[in-house]
$ cat data_2.txt   # compact mmCIF, C-alpha atoms
# COMPACT_ATOMS: atom_id res chain seq x y z
CA MET A 1187 62.95 93.87 32.73
CA ASN A 1188 61.33 93.12 29.40
CA HIS A 1189 57.63 93.69 28.91
CA PRO A 1190 55.75 90.32 29.16
CA ILE A 1191 54.65 90.60 25.52
CA GLN A 1192 58.24 91.12 24.42
CA GLN A 1193 59.26 88.14 26.55
CA TYR A 1194 56.64 86.02 24.79
CA ILE A 1195 57.93 87.11 21.37
CA SER A 1196 61.53 86.37 22.32
CA THR A 1197 60.61 82.95 23.70
CA LYS A 1198 58.73 81.95 20.54
CA LEU A 1199 61.59 83.08 18.31
CA ALA A 1200 64.11 81.19 20.45
CA GLN A 1201 61.93 78.09 20.14
CA ARG A 1202 61.98 78.36 16.35
CA LYS A 1203 65.76 78.70 16.33
CA SER A 1204 66.21 75.72 18.65
CA GLU A 1205 64.05 73.60 16.32
CA ASN A 1206 66.03 74.70 13.24
CA ASN A 1207 62.93 76.11 11.52
CA PHE A 1208 63.57 79.83 12.01
CA ARG A 1209 62.54 81.76 8.90
CA SER A 1210 64.32 84.84 7.58
CA LEU A 1211 64.25 86.84 4.36
CA LYS A 1212 67.07 86.07 1.97
CA LEU A 1213 68.55 87.75 -1.10
CA THR A 1214 70.43 85.73 -3.71
CA THR A 1215 72.14 86.91 -6.86
CA GLY A 1216 74.00 85.23 -9.65
CA LEU A 1217 72.65 81.71 -9.07
CA VAL A 1218 70.64 79.66 -11.57
CA ASP A 1219 66.95 79.87 -10.62
CA PHE A 1220 65.57 76.50 -9.59
CA TYR A 1221 63.34 77.78 -6.80
CA SER A 1222 60.86 80.38 -8.08
CA ASN A 1223 57.32 79.70 -9.35
CA ASP A 1224 58.03 81.58 -12.61
CA TYR A 1225 57.45 78.39 -14.61
CA LEU A 1226 57.09 80.01 -18.06
CA GLY A 1227 59.50 82.88 -17.47
CA PHE A 1228 56.76 85.52 -17.83
CA ALA A 1229 58.00 87.51 -14.81
CA ARG A 1230 61.30 88.20 -16.58
CA ASP A 1231 60.08 88.33 -20.19
CA GLU A 1232 61.15 91.63 -21.76
CA LYS A 1233 58.60 91.48 -24.61
CA LEU A 1234 55.80 90.88 -22.11
CA LYS A 1235 57.06 93.79 -20.03
CA GLU A 1236 56.90 96.00 -23.12
CA LYS A 1237 53.31 94.91 -23.77
CA VAL A 1238 52.35 95.72 -20.17
CA LEU A 1239 53.91 99.18 -20.37
CA GLU A 1240 52.12 99.80 -23.66
CA GLU A 1241 48.83 98.71 -22.11
CA ILE A 1242 49.38 101.08 -19.19
CA ASN A 1243 50.26 104.02 -21.47
CA ILE A 1244 47.23 103.47 -23.68
CA ASN A 1245 44.77 103.51 -20.78
CA HIS A 1246 46.24 106.38 -18.71
CA ALA A 1247 44.86 104.89 -15.50
CA TRP A 1248 45.62 106.02 -11.96
CA LEU A 1249 48.48 104.37 -10.09
CA GLY A 1250 46.27 103.22 -7.20
CA SER A 1251 42.79 101.74 -7.29
CA THR A 1252 41.85 104.11 -4.40
CA GLY A 1253 39.45 101.74 -2.62
CA SER A 1254 37.68 98.40 -2.54
CA ARG A 1255 35.77 97.14 -5.58
CA LEU A 1256 32.49 97.98 -3.80
CA LEU A 1257 33.56 101.60 -3.26
CA SER A 1258 35.93 103.40 -5.65
CA GLY A 1259 38.10 100.49 -6.80
CA ASN A 1260 35.91 98.98 -9.52
CA SER A 1261 36.42 99.68 -13.21
CA ALA A 1262 35.15 98.61 -16.61
CA TYR A 1263 38.67 97.27 -17.23
CA ALA A 1264 38.46 94.95 -14.21
CA GLN A 1265 35.04 93.68 -15.21
CA GLU A 1266 36.08 93.09 -18.82
CA LEU A 1267 39.18 91.24 -17.60
CA GLU A 1268 37.05 89.00 -15.39
CA ALA A 1269 34.77 88.20 -18.32
CA SER A 1270 37.79 87.40 -20.52
CA ILE A 1271 39.38 85.15 -17.88
CA ALA A 1272 36.08 83.32 -17.34
CA ALA A 1273 35.79 82.66 -21.08
CA PHE A 1274 39.40 81.44 -21.27
CA HIS A 1275 38.78 78.90 -18.50
CA GLN A 1276 35.29 77.96 -19.75
CA ALA A 1277 33.59 79.27 -16.62
CA GLU A 1278 30.36 81.20 -16.21
CA ALA A 1279 31.87 83.99 -14.11
CA ALA A 1280 35.09 85.17 -12.47
CA LEU A 1281 35.92 87.30 -9.44
CA ILE A 1282 39.41 88.74 -9.00
CA PHE A 1283 41.10 88.64 -5.58
CA ASN A 1284 44.30 90.29 -4.35
CA SER A 1285 46.15 86.98 -3.90
CA GLY A 1286 45.71 83.24 -4.06
CA PHE A 1287 45.71 83.21 -0.26
CA ASP A 1288 42.86 85.73 -0.19
CA ALA A 1289 40.89 83.76 -2.78
CA ASN A 1290 41.14 80.41 -0.97
CA TYR A 1291 40.70 81.90 2.48
CA GLY A 1292 37.80 84.12 1.43
CA LEU A 1293 35.91 81.45 -0.48
CA LEU A 1294 36.16 78.82 2.26
CA SER A 1295 35.49 81.15 5.17
CA ALA A 1296 32.42 82.64 3.48
CA LEU A 1297 30.60 79.74 1.79
CA PRO A 1298 30.47 76.64 4.06
CA TYR A 1299 28.31 77.27 7.13
CA LYS A 1300 27.32 75.74 10.47
CA GLY A 1301 26.13 72.18 9.95
CA ASP A 1302 28.01 71.78 6.66
CA THR A 1303 31.04 69.53 6.15
CA ILE A 1304 34.32 70.36 4.42
CA ILE A 1305 36.37 67.36 3.32
CA TYR A 1306 39.89 68.24 2.25
CA ASP A 1307 43.03 66.50 1.09
CA GLU A 1308 45.57 66.41 3.91
CA LEU A 1309 48.19 68.19 1.76
CA VAL A 1310 46.19 71.27 0.74
CA HIS A 1311 47.73 74.73 1.04
CA ALA A 1312 47.86 76.76 4.27
CA SER A 1313 45.40 79.29 2.83
CA ILE A 1314 42.81 76.52 2.52
CA HIS A 1315 43.45 75.37 6.07
CA ASP A 1316 43.01 78.92 7.37
CA GLY A 1317 39.80 79.45 5.40
CA ILE A 1318 38.38 76.19 6.73
CA ARG A 1319 39.40 77.11 10.27
CA ASN A 1320 37.57 80.44 9.98
CA SER A 1321 34.37 78.90 8.60
CA LYS A 1322 31.57 77.70 10.87
CA ALA A 1323 31.48 74.29 9.18
CA GLN A 1324 32.87 71.04 10.53
CA SER A 1325 35.84 69.69 8.63
CA VAL A 1326 37.71 66.43 8.11
CA SER A 1327 40.75 65.51 6.05
CA PHE A 1328 41.34 62.45 3.89
CA ALA A 1329 44.66 60.77 3.12
CA HIS A 1330 46.44 62.34 0.16
CA ASN A 1331 44.77 61.36 -3.14
CA ASN A 1332 43.02 58.43 -1.41
CA LEU A 1333 39.71 58.00 -3.25
CA ALA A 1334 38.43 55.22 -1.01
CA GLU A 1335 38.89 57.32 2.11
CA LEU A 1336 37.35 60.34 0.42
CA GLU A 1337 34.24 58.28 -0.38
CA GLU A 1338 34.04 57.04 3.21
CA LYS A 1339 34.15 60.63 4.47
CA LEU A 1340 31.50 61.70 1.96
CA LYS A 1341 29.19 58.90 3.09
CA ALA A 1342 29.61 59.86 6.76
CA SER A 1343 29.29 63.62 6.34
CA SER A 1344 26.23 65.76 7.05
CA GLY A 1345 24.81 69.05 5.80
CA LEU A 1346 26.03 70.60 2.59
CA LYS A 1347 29.25 68.90 1.51
CA TYR A 1348 32.38 70.53 0.10
CA VAL A 1349 35.47 68.73 -1.20
CA VAL A 1350 38.67 70.78 -1.47
CA VAL A 1351 41.79 69.68 -3.37
CA GLU A 1352 44.67 71.09 -5.37
CA SER A 1353 45.03 70.05 -8.99
CA ILE A 1354 48.84 70.01 -8.63
CA TYR A 1355 50.18 69.92 -5.09
CA SER A 1356 52.60 72.70 -4.27
CA MET A 1357 55.06 70.70 -2.18
CA ASP A 1358 54.94 67.22 -3.79
CA GLY A 1359 54.19 68.37 -7.35
CA ASP A 1360 51.90 65.40 -7.98
CA PHE A 1361 48.47 65.47 -9.62
CA ALA A 1362 45.11 64.97 -7.93
CA PRO A 1363 42.86 62.34 -9.62
CA LEU A 1364 40.39 65.07 -10.55
CA LYS A 1365 38.05 63.06 -12.77
CA GLU A 1366 37.51 60.45 -10.09
CA ILE A 1367 37.13 63.08 -7.35
CA ALA A 1368 34.63 65.01 -9.47
CA ALA A 1369 32.65 61.81 -10.07
CA LEU A 1370 32.47 61.16 -6.31
CA CYS A 1371 31.32 64.73 -5.72
CA THR A 1372 28.55 64.27 -8.28
CA LYS A 1373 27.53 60.94 -6.69
CA TYR A 1374 27.27 62.44 -3.19
CA GLN A 1375 26.05 65.91 -4.24
CA ALA A 1376 29.18 67.63 -2.92
CA GLY A 1377 30.61 70.87 -4.20
CA LEU A 1378 34.12 70.47 -5.61
CA ILE A 1379 36.59 73.31 -5.03
CA VAL A 1380 39.95 73.03 -6.83
CA ASP A 1381 43.03 75.17 -6.30
CA GLU A 1382 44.70 75.34 -9.74
CA ALA A 1383 47.56 77.61 -8.66
CA HIS A 1384 50.40 75.41 -9.96
CA ALA A 1385 48.53 74.22 -13.06
CA THR A 1386 47.66 77.70 -14.35
CA GLY A 1387 49.54 78.33 -17.59
CA VAL A 1388 51.42 75.02 -17.31
CA ILE A 1389 48.75 72.40 -18.06
CA GLY A 1390 46.25 72.32 -20.92
CA GLU A 1391 46.35 73.08 -24.62
CA LYS A 1392 46.43 76.82 -23.88
CA GLY A 1393 47.53 76.67 -20.25
CA GLN A 1394 43.97 76.73 -18.89
CA GLY A 1395 44.68 74.21 -16.12
CA ARG A 1396 43.49 70.69 -15.32
CA VAL A 1397 39.80 71.21 -14.52
CA THR A 1398 37.74 70.61 -17.66
CA ALA A 1399 34.24 71.86 -18.39
CA ASP A 1400 32.70 68.43 -17.76
CA MET A 1401 34.06 68.02 -14.22
CA GLN A 1402 31.23 69.88 -12.47
CA ALA A 1403 33.48 71.96 -10.20
CA LEU A 1404 31.69 74.38 -7.90
CA ALA A 1405 34.68 76.71 -7.94
CA LYS A 1406 38.28 76.76 -9.07
CA VAL A 1407 41.02 79.16 -8.05
CA HIS A 1408 43.71 80.32 -10.47
CA THR A 1409 46.60 82.51 -9.38
CA PHE A 1410 48.42 85.12 -11.45
CA SER A 1411 51.64 85.11 -9.43
CA LYS A 1412 53.21 81.90 -10.73
CA ALA A 1413 53.25 81.02 -14.44
CA LEU A 1414 51.59 84.32 -15.36
CA GLY A 1415 54.36 86.32 -13.71
CA ALA A 1416 51.98 88.91 -12.23
CA HIS A 1417 50.02 89.11 -8.95
CA GLY A 1418 46.53 88.31 -7.67
CA ALA A 1419 44.10 85.48 -8.23
CA VAL A 1420 40.63 84.68 -9.50
CA VAL A 1421 37.75 82.49 -8.36
CA LEU A 1422 35.92 80.92 -11.32
CA CYS A 1423 32.38 79.93 -10.54
CA SER A 1424 28.70 80.50 -11.36
CA THR A 1425 27.25 83.99 -11.59
CA GLU A 1426 25.26 83.37 -8.40
CA LEU A 1427 28.32 82.25 -6.43
CA LYS A 1428 30.16 85.35 -7.64
CA GLU A 1429 27.31 87.51 -6.36
CA PHE A 1430 27.37 85.57 -3.07
CA LEU A 1431 31.08 86.28 -2.63
CA ILE A 1432 30.63 89.97 -3.42
CA ASN A 1433 28.07 90.08 -0.60
CA TYR A 1434 29.60 87.75 2.00
CA CYS A 1435 33.35 87.36 1.38
CA ARG A 1436 35.17 89.67 3.79
CA PRO A 1437 38.63 89.62 2.10
CA PHE A 1438 36.95 90.80 -1.10
CA ILE A 1439 34.57 93.31 0.51
CA TYR A 1440 37.12 95.01 2.75
CA SER A 1441 40.34 94.89 0.68
CA THR A 1442 41.52 97.70 -1.55
CA ALA A 1443 41.26 96.47 -5.14
CA LEU A 1444 44.29 95.60 -7.23
CA PRO A 1445 45.73 98.66 -9.04
CA PHE A 1446 45.39 99.06 -12.78
CA HIS A 1447 49.01 98.22 -13.62
CA THR A 1448 48.57 94.81 -11.96
CA LEU A 1449 45.39 94.14 -13.94
CA ALA A 1450 47.22 95.17 -17.12
CA ALA A 1451 50.00 92.67 -16.37
CA VAL A 1452 47.40 89.93 -15.84
CA LYS A 1453 45.64 90.76 -19.11
CA CYS A 1454 48.88 90.73 -21.10
CA GLY A 1455 49.93 87.46 -19.46
CA TYR A 1456 46.67 85.81 -20.48
CA ASP A 1457 47.10 87.18 -24.02
CA LEU A 1458 50.45 85.38 -24.21
CA LEU A 1459 49.35 82.02 -22.74
CA PRO A 1460 47.77 80.50 -25.89
CA ASN A 1461 50.99 81.10 -27.83
CA SER A 1462 53.28 79.55 -25.20
CA ASN A 1463 53.12 75.92 -26.31
CA GLU A 1464 56.87 75.70 -26.86
CA ARG A 1465 57.53 76.92 -23.32
CA ARG A 1466 55.17 74.28 -21.96
CA ALA A 1467 56.85 71.65 -24.15
CA GLN A 1468 60.25 72.71 -22.83
CA LEU A 1469 58.97 72.26 -19.27
CA THR A 1470 57.86 68.73 -20.14
CA ARG A 1471 61.25 67.90 -21.66
CA LEU A 1472 63.21 69.29 -18.70
CA THR A 1473 60.99 67.47 -16.19
CA ALA A 1474 61.61 64.14 -17.93
CA LEU A 1475 65.35 64.87 -18.16
CA PHE A 1476 65.67 65.74 -14.49
CA ARG A 1477 63.81 62.65 -13.33
CA GLU A 1478 65.85 60.45 -15.62
CA GLN A 1479 69.11 61.84 -14.20
CA ILE A 1480 68.08 61.63 -10.53
CA GLN A 1481 66.42 58.23 -10.67
CA ALA A 1482 69.81 56.75 -11.51
CA LYS A 1483 70.63 57.11 -7.80
CA GLU A 1484 68.64 54.63 -5.70
CA ASN A 1485 69.56 56.26 -2.38
CA ILE A 1486 67.79 59.53 -3.26
CA GLU A 1487 64.08 59.80 -2.41
CA LEU A 1488 62.58 61.68 -5.35
CA ILE A 1489 58.84 62.23 -4.89
CA THR A 1490 56.78 61.01 -7.86
CA SER A 1491 55.77 64.01 -9.96
CA ASN A 1492 55.30 64.84 -13.63
CA SER A 1493 55.01 68.56 -12.99
CA PRO A 1494 57.77 71.21 -12.89
CA ILE A 1495 57.80 70.79 -9.09
CA GLN A 1496 60.39 68.15 -8.19
CA SER A 1497 61.04 67.42 -4.53
CA ILE A 1498 63.84 65.42 -2.95
CA VAL A 1499 63.25 64.33 0.64
CA VAL A 1500 66.11 65.07 3.04
CA SER A 1501 64.84 64.24 6.53
CA GLY A 1502 65.48 66.78 9.29
CA ASN A 1503 65.50 70.58 9.25
CA GLN A 1504 69.25 70.88 9.80
CA ASN A 1505 70.06 68.20 7.25
CA VAL A 1506 67.95 69.73 4.49
CA LYS A 1507 69.34 73.21 5.13
CA GLU A 1508 72.88 71.89 4.83
CA PHE A 1509 71.97 69.98 1.67
CA ALA A 1510 70.52 73.14 0.09
CA SER A 1511 73.61 75.16 1.05
CA LYS A 1512 75.88 72.65 -0.70
CA ILE A 1513 73.81 72.89 -3.91
CA GLN A 1514 73.78 76.69 -3.72
CA ALA A 1515 77.57 76.68 -3.35
CA LYS A 1516 77.71 75.03 -6.78
CA GLY A 1517 75.74 77.90 -8.37
CA PHE A 1518 72.17 76.56 -8.27
CA ASP A 1519 69.51 78.35 -6.22
CA VAL A 1520 67.29 75.79 -4.52
CA ARG A 1521 65.45 76.21 -1.23
CA PRO A 1522 64.90 73.85 1.71
CA ILE A 1523 61.30 73.26 2.83
CA LEU A 1524 61.27 72.74 6.58
CA TYR A 1525 58.97 71.27 9.18
CA PRO A 1526 56.27 72.49 10.03
CA THR A 1527 55.60 73.56 6.42
CA VAL A 1528 55.83 69.85 5.56
CA ALA A 1529 55.47 66.84 7.84
CA LYS A 1530 58.37 65.98 10.15
CA GLY A 1531 60.64 63.53 8.37
CA LYS A 1532 59.45 64.79 4.97
CA GLU A 1533 61.61 67.91 4.83
CA ARG A 1534 62.77 68.38 1.28
CA ILE A 1535 64.58 70.32 -1.40
CA ARG A 1536 61.81 71.74 -3.59
CA ILE A 1537 63.13 72.22 -7.12
CA CYS A 1538 61.11 74.25 -9.63
CA LEU A 1539 61.93 73.83 -13.29
CA HIS A 1540 61.33 76.63 -15.80
CA SER A 1541 61.06 76.97 -19.54
CA PHE A 1542 64.10 79.29 -19.45
CA ASN A 1543 66.32 76.66 -17.81
CA THR A 1544 68.58 74.82 -20.23
CA GLU A 1545 69.18 71.09 -20.55
CA GLU A 1546 72.80 71.69 -19.54
CA GLU A 1547 71.71 73.47 -16.34
CA VAL A 1548 69.28 70.70 -15.44
CA THR A 1549 71.87 68.00 -16.10
CA LYS A 1550 74.50 69.79 -14.00
CA LEU A 1551 72.02 70.31 -11.15
CA ALA A 1552 71.21 66.59 -11.19
CA GLN A 1553 74.93 65.75 -11.19
CA VAL A 1554 75.50 67.95 -8.14
CA ILE A 1555 72.60 66.33 -6.27
CA ASN A 1556 73.81 62.84 -7.20
CA SER A 1557 77.27 63.65 -5.89
CA LEU A 1558 76.09 64.73 -2.42
$ encode --input "data_2.txt" --output "structure tokens"
Amino acid sequence: MNHPIQQYISTKLAQRKSENNFRSLKLTTGLVDFYSNDYLGFARDEKLKEKVLEEININHAWLGSTGSRLLSGNSAYAQELEASIAAFHQAEAALIFNSGFDANYGLLSALPYKGDTIIYDELVHASIHDGIRNSKAQSVSFAHNNLAELEEKLKASSGLKYVVVESIYSMDGDFAPLKEIAALCTKYQAGLIVDEAHATGVIGEKGQGRVTADMQALAKVHTFSKALGAHGAVVLCSTELKEFLINYCRPFIYSTALPFHTLAAVKCGYDLLPNSNERRAQLTRLTALFREQIQAKENIELITSNSPIQSIVVSGNQNVKEFASKIQAKGFDVRPILYPTVAKGKERIRICLHSFNTEEEVTKLAQVINSL
């Protein structure tokens, strides 16, 4: 007879399979990439790789960081990189985290406290949900991008108030009305926290994201694992909030710091961002081309988005998996997004466009989708 814990595990896995939302790791080769977050192609850029290797050879650093930043894992290189990133994004200070998940989770679990209120867009990332859940504050969501409902929740909230949004939403690809949200936060003395993960490198004259210096954001989170092609994340904030996180944020305090070679990749990626205007322009062209091709078919529900994230709703876990398989069979790697990652009935094919994709590839992908 199976151990009761093993029985529980087996039952939960069987439940996932019966609901058609069982997850498994998958390897694909030889297909055109329309699924990764490598928007600018930095992760596969040979010249950037050469710069990273040169940076590593020059500094002769250890392979591992050997401990947390508060013990043996800190370095002058890390601190100089934080200062450089803060200056690039026009922020007072920056604190590097091991991932975007760690940054969102750590910030939101450490800062809001008992008696405070967190008001968040209903479509924010799972890392934000988990950070909120682990905080001692009360929380309430507002309908996606609904300014009137956000203001109602701000009026009704108590204690210190925090508003949490994404600048570009990871599943829909649409933009938050940041200026209006920032104005409401100023009006009601709320702290605005913005996850810039999918805007980093893609939006702005130099790829600095959507939050501008005049928006009065309490904190913004940028990740290195998408357009920068590296790994890790950073919280941009005031010097005092940085010191607060160093003292109270458990994922930062108790995690081994990122190794030097990762920091070197981040530095070299940021060095390349200001000179990547043509890549960003190519993304804009391909986004417009894809939407133009798909919108010709009225029976396809294409979510409104002007970002490289383009999602087509195919309701039902089984249906969307079959739809993705048919596209993959034509040579294009796209991935189905299943319930419960998205709301039931809003399962979708999430297509990511990249500066290295060609107009011919985008046109052919659209033709395949239109034919299904």
$ residues_near_point --input "data_2.txt" --point "(43.7, 68.8, -8.0)" --cutoff "6 Å" --atoms "all atoms listed in the file" --output "PyMOL selection string"
chain A and resi 1351-1354+1362+1364+1380
$ atom_distance --input "data_2.txt" --atom1 "CA of Gly1286 in chain A" --atom2 "CA of Glu1241 in chain A"
24.0 Å
$ closest_residue --input "data_2.txt" --among "A:Asn1284, A:Gln1402, A:Thr1544, A:Ser1356" --to "Ile1439 in chain A" --atoms "all atoms listed in the file"
A:Asn1284
$ closest_atom_pairs --input "data_2.txt" --of "range 1187-1282 of chain A" --to "range 1448-1457 of chain A" --cutoff "8 Å" --atoms "only C-alpha atoms" --output "Markdown table"
| residue | atom | partner | partner_atom | distance |
| --- | --- | --- | --- | --- |
| A:Phe1228 | CA | A:Gly1455 | CA | 7.3 |
| A:Leu1234 | CA | A:Cys1454 | CA | 7.0 |
| A:Lys1237 | CA | A:Cys1454 | CA | 6.7 |
| A:Val1238 | CA | A:Ala1451 | CA | 5.4 |
| A:Glu1241 | CA | A:Ala1450 | CA | 6.3 |
| A:Ile1242 | CA | A:Ala1450 | CA | 6.6 |
| A:Ala1264 | CA | A:Leu1449 | CA | 7.0 |
| A:Leu1267 | CA | A:Lys1453 | CA | 6.7 |
| A:Ile1271 | CA | A:Tyr1456 | CA | 7.8 |
$ closest_residue --input "data_2.txt" --among "A:Lys1233, A:Lys1532, A:Lys1428, A:Lys1339" --to "Gly1292 in chain A" --atoms "only C-alpha atoms"
A:Lys1428
$ decode --input "data_2.txt" --residues "range 1515-1549 of chain A" --atoms "C-alpha atoms" --output "CSV table (one decimal), in the first residue's frame"
chain,number,residue,atom,x,y,z
A,1515,ALA,CA,3.5,21.0,-36.8
A,1516,LYS,CA,4.0,23.8,-39.4
A,1517,GLY,CA,7.4,24.8,-37.9
A,1518,PHE,CA,6.5,27.6,-35.5
A,1519,ASP,CA,7.1,27.2,-31.8
A,1520,VAL,CA,4.2,28.7,-29.9
A,1521,ARG,CA,3.0,27.6,-26.4
A,1522,PRO,CA,-0.5,27.2,-25.0
A,1523,ILE,CA,-1.4,29.1,-21.8
A,1524,LEU,CA,-3.8,27.0,-19.8
A,1525,TYR,CA,-6.2,27.5,-16.9
A,1526,PRO,CA,-5.4,28.1,-14.0
A,1527,THR,CA,-2.6,30.3,-15.3
A,1528,VAL,CA,-5.3,32.4,-17.0
A,1529,ALA,CA,-9.0,32.5,-16.3
A,1530,LYS,CA,-11.2,29.7,-17.5
A,1531,GLY,CA,-12.5,30.4,-20.9
A,1532,LYS,CA,-9.5,32.7,-21.6
A,1533,GLU,CA,-7.0,30.0,-22.4
A,1534,ARG,CA,-4.8,31.3,-25.2
A,1535,ILE,CA,-1.8,31.0,-27.6
A,1536,ARG,CA,0.7,33.4,-26.3
A,1537,ILE,CA,2.9,34.6,-29.2
A,1538,CYS,CA,6.1,36.5,-28.5
A,1539,LEU,CA,7.6,38.5,-31.3
A,1540,HIS,CA,11.4,39.2,-31.5
A,1541,SER,CA,13.7,41.5,-33.3
A,1542,PHE,CA,15.4,38.5,-34.9
A,1543,ASN,CA,12.1,37.2,-36.4
A,1544,THR,CA,11.7,38.2,-40.1
A,1545,GLU,CA,8.6,39.7,-41.8
A,1546,GLU,CA,8.3,36.5,-43.9
A,1547,GLU,CA,8.2,34.3,-40.7
A,1548,VAL,CA,5.6,36.6,-39.1
A,1549,THR,CA,3.5,36.6,-42.2
